[in-house]
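Structure file coords32.pdb (PDB, C-alpha atoms) is printed below.
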```pdb
ATOM      1  CA  GLY J   1     -27.086   9.139  35.775
ATOM      2  CA  ILE J   2     -23.995   7.977  34.048
ATOM      3  CA  LEU J   3     -23.330  11.261  32.232
ATOM      4  CA  ALA J   4     -24.017  13.342  35.337
ATOM      5  CA  GLY J   5     -21.452  11.240  37.180
ATOM      6  CA  GLY J   6     -18.833  12.232  34.593
ATOM      7  CA  TRP J   7     -18.606   8.791  32.994
ATOM      8  CA  THR J   8     -17.836   8.513  29.299
ATOM      9  CA  GLN J   9     -18.033   5.668  26.829
ATOM     10  CA  ALA J  10     -14.261   5.287  27.140
ATOM     11  CA  ASP J  11     -14.722   4.372  30.803
ATOM     12  CA  PHE J  12     -16.734   1.349  29.732
ATOM     13  CA  THR J  13     -14.664   0.134  26.793
ATOM     14  CA  GLY J  14     -11.855  -1.071  29.029
ATOM     15  CA  ALA J  15      -8.119  -1.250  28.551
ATOM     16  CA  SER J  16      -8.336  -3.897  25.851
ATOM     17  CA  ALA J  17     -10.170  -1.558  23.469
ATOM     18  CA  ARG J  18      -7.685   1.255  24.131
ATOM     19  CA  GLU J  19      -4.820  -1.208  23.676
ATOM     20  CA  SER J  20      -6.359  -2.389  20.418
ATOM     21  CA  ASP J  21      -6.645   1.227  19.215
ATOM     22  CA  ARG J  22      -2.969   1.800  20.032
ATOM     23  CA  GLU J  23      -1.979  -1.386  18.211
ATOM     24  CA  TRP J  24      -4.048  -0.363  15.184
ATOM     25  CA  SER J  25      -2.515   3.103  15.227
ATOM     26  CA  SER J  26       0.967   1.572  15.429
ATOM     27  CA  LEU J  27       0.225  -0.795  12.551
ATOM     28  CA  TYR J  28      -1.164   2.050  10.422
ATOM     29  CA  GLY J  29       1.978   4.035  11.189
ATOM     30  CA  GLN J  30       3.973   1.115   9.805
ATOM     31  CA  PHE J  31       1.749   1.011   6.701
ATOM     32  CA  ARG J  32       2.379   4.724   6.078
ATOM     33  CA  ALA J  33       6.134   4.267   6.607
ATOM     34  CA  ILE J  34       6.160   1.412   4.086
ATOM     35  CA  TRP J  35       4.269   3.523   1.548
ATOM     36  CA  LYS J  36       6.688   6.406   2.050
ATOM     37  CA  ASP J  37       9.708   4.101   1.697
ATOM     38  CA  VAL J  38       8.295   2.625  -1.524
ATOM     39  CA  GLU J  39       7.340   6.051  -2.862
ATOM     40  CA  LYS J  40      10.882   7.384  -2.240
ATOM     41  CA  HIS J  41      12.639   4.354  -3.780
ATOM     42  CA  ASP J  42      14.492   5.239  -6.970
ATOM     43  CA  ALA J  43      12.657   2.476  -8.896
ATOM     44  CA  SER J  44       9.207   3.841  -7.989
ATOM     45  CA  TRP J  45       9.030   6.547 -10.660
ATOM     46  CA  PRO J  46       6.815   4.513 -13.051
ATOM     47  CA  PHE J  47       4.277   3.933 -10.254
ATOM     48  CA  GLN J  48       3.714   7.437  -8.898
ATOM     49  CA  GLU J  49       0.520   8.147 -10.873
ATOM     50  CA  PRO J  50      -2.038   6.097 -12.836
ATOM     51  CA  VAL J  51      -1.071   5.047 -16.349
ATOM     52  CA  ASP J  52      -2.418   7.642 -18.773
ATOM     53  CA  THR J  53      -4.822   5.553 -20.848
ATOM     54  CA  ARG J  54      -5.069   8.329 -23.454
ATOM     55  CA  GLU J  55      -1.398   7.698 -24.210
ATOM     56  CA  VAL J  56      -1.406   3.949 -23.562
ATOM     57  CA  GLU J  57      -4.721   3.131 -25.200
ATOM     58  CA  ASP J  58      -4.666  -0.660 -24.802
ATOM     59  CA  TYR J  59      -3.593  -0.613 -21.140
ATOM     60  CA  LEU J  60      -7.044  -1.417 -19.737
ATOM     61  CA  THR J  61      -7.553  -4.271 -22.185
ATOM     62  CA  VAL J  62      -4.455  -5.949 -20.711
ATOM     63  CA  ILE J  63      -4.630  -4.743 -17.093
ATOM     64  CA  LYS J  64      -8.036  -5.362 -15.539
ATOM     65  CA  ASP J  65      -7.346  -3.980 -12.048
ATOM     66  CA  PRO J  66      -4.944  -1.031 -12.307
ATOM     67  CA  ILE J  67      -3.359   0.504  -9.214
ATOM     68  CA  ASP J  68      -0.568   2.972  -8.522
ATOM     69  CA  LEU J  69       1.060   4.670  -5.546
ATOM     70  CA  SER J  70      -1.386   7.606  -5.582
ATOM     71  CA  LYS J  71      -4.346   5.214  -5.300
ATOM     72  CA  ILE J  72      -2.618   3.266  -2.527
ATOM     73  CA  LYS J  73      -1.987   6.566  -0.671
ATOM     74  CA  GLN J  74      -5.680   7.419  -1.029
ATOM     75  CA  ARG J  75      -6.587   4.009   0.374
ATOM     76  CA  LEU J  76      -4.238   4.610   3.315
ATOM     77  CA  ASP J  77      -5.882   7.974   3.954
ATOM     78  CA  ASP J  78      -9.310   6.280   3.824
ATOM     79  CA  LYS J  79      -8.183   3.535   6.283
ATOM     80  CA  TYR J  80      -9.009   0.923   3.640
ATOM     81  CA  TYR J  81      -6.275  -1.516   4.644
ATOM     82  CA  LYS J  82      -7.203  -3.886   7.473
ATOM     83  CA  SER J  83      -4.013  -5.947   7.398
ATOM     84  CA  LYS J  84      -0.447  -5.829   6.158
ATOM     85  CA  GLU J  85      -1.420  -8.531   3.658
ATOM     86  CA  MET J  86      -3.945  -6.172   2.029
ATOM     87  CA  LEU J  87      -1.359  -3.429   1.616
ATOM     88  CA  LYS J  88       1.257  -5.837   0.319
ATOM     89  CA  ALA J  89      -1.264  -7.309  -2.137
ATOM     90  CA  ASP J  90      -1.920  -3.873  -3.663
ATOM     91  CA  LEU J  91       1.779  -3.059  -3.905
ATOM     92  CA  MET J  92       2.552  -6.421  -5.509
ATOM     93  CA  ARG J  93      -0.417  -6.093  -7.894
ATOM     94  CA  MET J  94       0.970  -2.714  -8.980
ATOM     95  CA  ILE J  95       4.334  -4.378  -9.700
ATOM     96  CA  GLU J  96       2.813  -7.431 -11.404
ATOM     97  CA  ASN J  97       0.590  -5.212 -13.587
ATOM     98  CA  CYS J  98       3.704  -3.414 -14.788
ATOM     99  CA  LYS J  99       5.502  -6.664 -15.541
ATOM    100  CA  LEU J 100       2.455  -8.091 -17.303
ATOM    101  CA  TYR J 101       2.026  -5.083 -19.561
ATOM    102  CA  ASN J 102       5.686  -4.363 -20.308
ATOM    103  CA  GLY J 103       8.229  -6.675 -21.915
ATOM    104  CA  GLN J 104      11.105  -8.082 -19.887
ATOM    105  CA  ARG J 105      13.632  -5.949 -21.711
ATOM    106  CA  THR J 106      11.897  -2.639 -20.919
ATOM    107  CA  VAL J 107      13.079  -0.248 -18.244
ATOM    108  CA  PHE J 108       9.570  -0.447 -16.707
ATOM    109  CA  TYR J 109       9.823  -4.199 -16.198
ATOM    110  CA  LYS J 110      13.313  -3.874 -14.706
ATOM    111  CA  GLU J 111      12.193  -1.150 -12.312
ATOM    112  CA  ALA J 112       9.202  -3.288 -11.303
ATOM    113  CA  GLU J 113      11.550  -6.176 -10.512
ATOM    114  CA  ARG J 114      13.791  -3.952  -8.384
ATOM    115  CA  LEU J 115      10.849  -2.429  -6.543
ATOM    116  CA  GLY J 116       9.322  -5.880  -5.963
ATOM    117  CA  VAL J 117      12.481  -7.083  -4.212
ATOM    118  CA  TYR J 118      12.424  -3.956  -2.055
ATOM    119  CA  VAL J 119       8.736  -4.383  -1.134
ATOM    120  CA  GLU J 120       9.328  -8.003  -0.117
ATOM    121  CA  LYS J 121      12.196  -6.886   2.111
ATOM    122  CA  LEU J 122      10.084  -4.152   3.732
ATOM    123  CA  PHE J 123       7.313  -6.596   4.614
ATOM    124  CA  LYS J 124       9.734  -9.061   6.169
ATOM    125  CA  ASN J 125      10.605  -6.319   8.673
ATOM    126  CA  ILE J 126       7.050  -5.312   9.658
ATOM    127  CA  THR J 127       5.864  -6.416  13.077
ATOM    128  CA  VAL J 128       2.257  -6.972  14.030
ATOM    129  CA  PRO J 129       1.572  -6.047  17.664
ATOM    130  CA  GLY J 130       0.235  -8.879  19.782
ATOM    131  CA  ARG J 131       1.361 -11.642  17.428
TER     132      ARG J 131
END
```

Would you write the structure of this file as structure tokens?
Amino acid sequence: GILAGGWTQADFTGASARESDREWSSLYGQFRAIWKDVEKHDASWPFQEPVDTREVEDYLTVIKDPIDLSKIKQRLDDKYYKSKEMLKADLMRMIENCKLYNGQRTVFYKEAERLGVYVEKLFKNITVPGR
């Protein structure tokens, strides 16, 4: 039979499936690099961990869909993101949540603005294989 002949499933999937896996792996490598670049940015300090809702009691009444860099990292680890647009949407939601909750004159708002400019720049440089 097929197994006795030494054939494996990979022999039947063809080059296009292996190519697709390589492209996906390359894209996910880019996603991880973007996350790391954002996480290391000097304006990212307010976004490292979830907002402590014991300290900021009204946060969840204002922000309905909270997200932070630790949750985005978990989603990367879980292979949640299927496109660069999904990753960018979470990063921008994190920034917009901060701007929505905090006044324009706060350091949090200003850091969100700086990080938002940086995220936009990072995504302009990402390449999608095969497109």

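With all atoms listed in the file as the atoms that count, the minimum distance from Tyr101 in chain J to the choices J:Lys79, J:Glu120, J:Val56, J:Leu115 is reached by J:Val56.
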
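Separating CA of Ala43 in chain J from CA of Ile95 in chain J is a distance of 10.8 Å.
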
Among the residues J:Leu69, J:Met86, J:Leu76, J:Ile63, the one that comes closest to Lys40 in chain J [using all atoms listed in the file]: J:Leu69

CA of Lys121 in chain J to CA of Ile67 in chain J, distance in Å rounded to a single decimal: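 One can read the CA of Lys121 in chain J to CA of Ile67 in chain J distance as 20.6 Å.
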
Ground truth for the PyMOL selection byres ((chain J and resi 118) around 12), written as a PyMOL selection string: chain J and resi 34-35+37-44+88+91-92+95+111-117+119-125

For CA of Lys73 in chain J and CA of Phe31 in chain J, the interatomic separation in Å (one decimal): 10.0 Å

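Distances to Ser70 in chain J were evaluated for J:Asp90, J:Asp58, J:Glu49, J:Glu85 using all atoms listed in the file, and the minimum falls at J:Glu49.
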
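Each of J:Glu55, J:Lys82, J:Arg75, J:Lys110 was compared to Ser25 in chain J using all atoms listed in the file, and J:Lys82 turns out to be the nearest.
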
Among the residues J:Leu100, J:Ile126, J:Ala33, J:Leu87, the one that comes closest to Leu60 in chain J [using only C-alpha atoms]: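 Of J:Leu100, J:Ile126, J:Ala33, J:Leu87, the one nearest Leu60 in chain J is J:Leu100, counting only C-alpha atoms.
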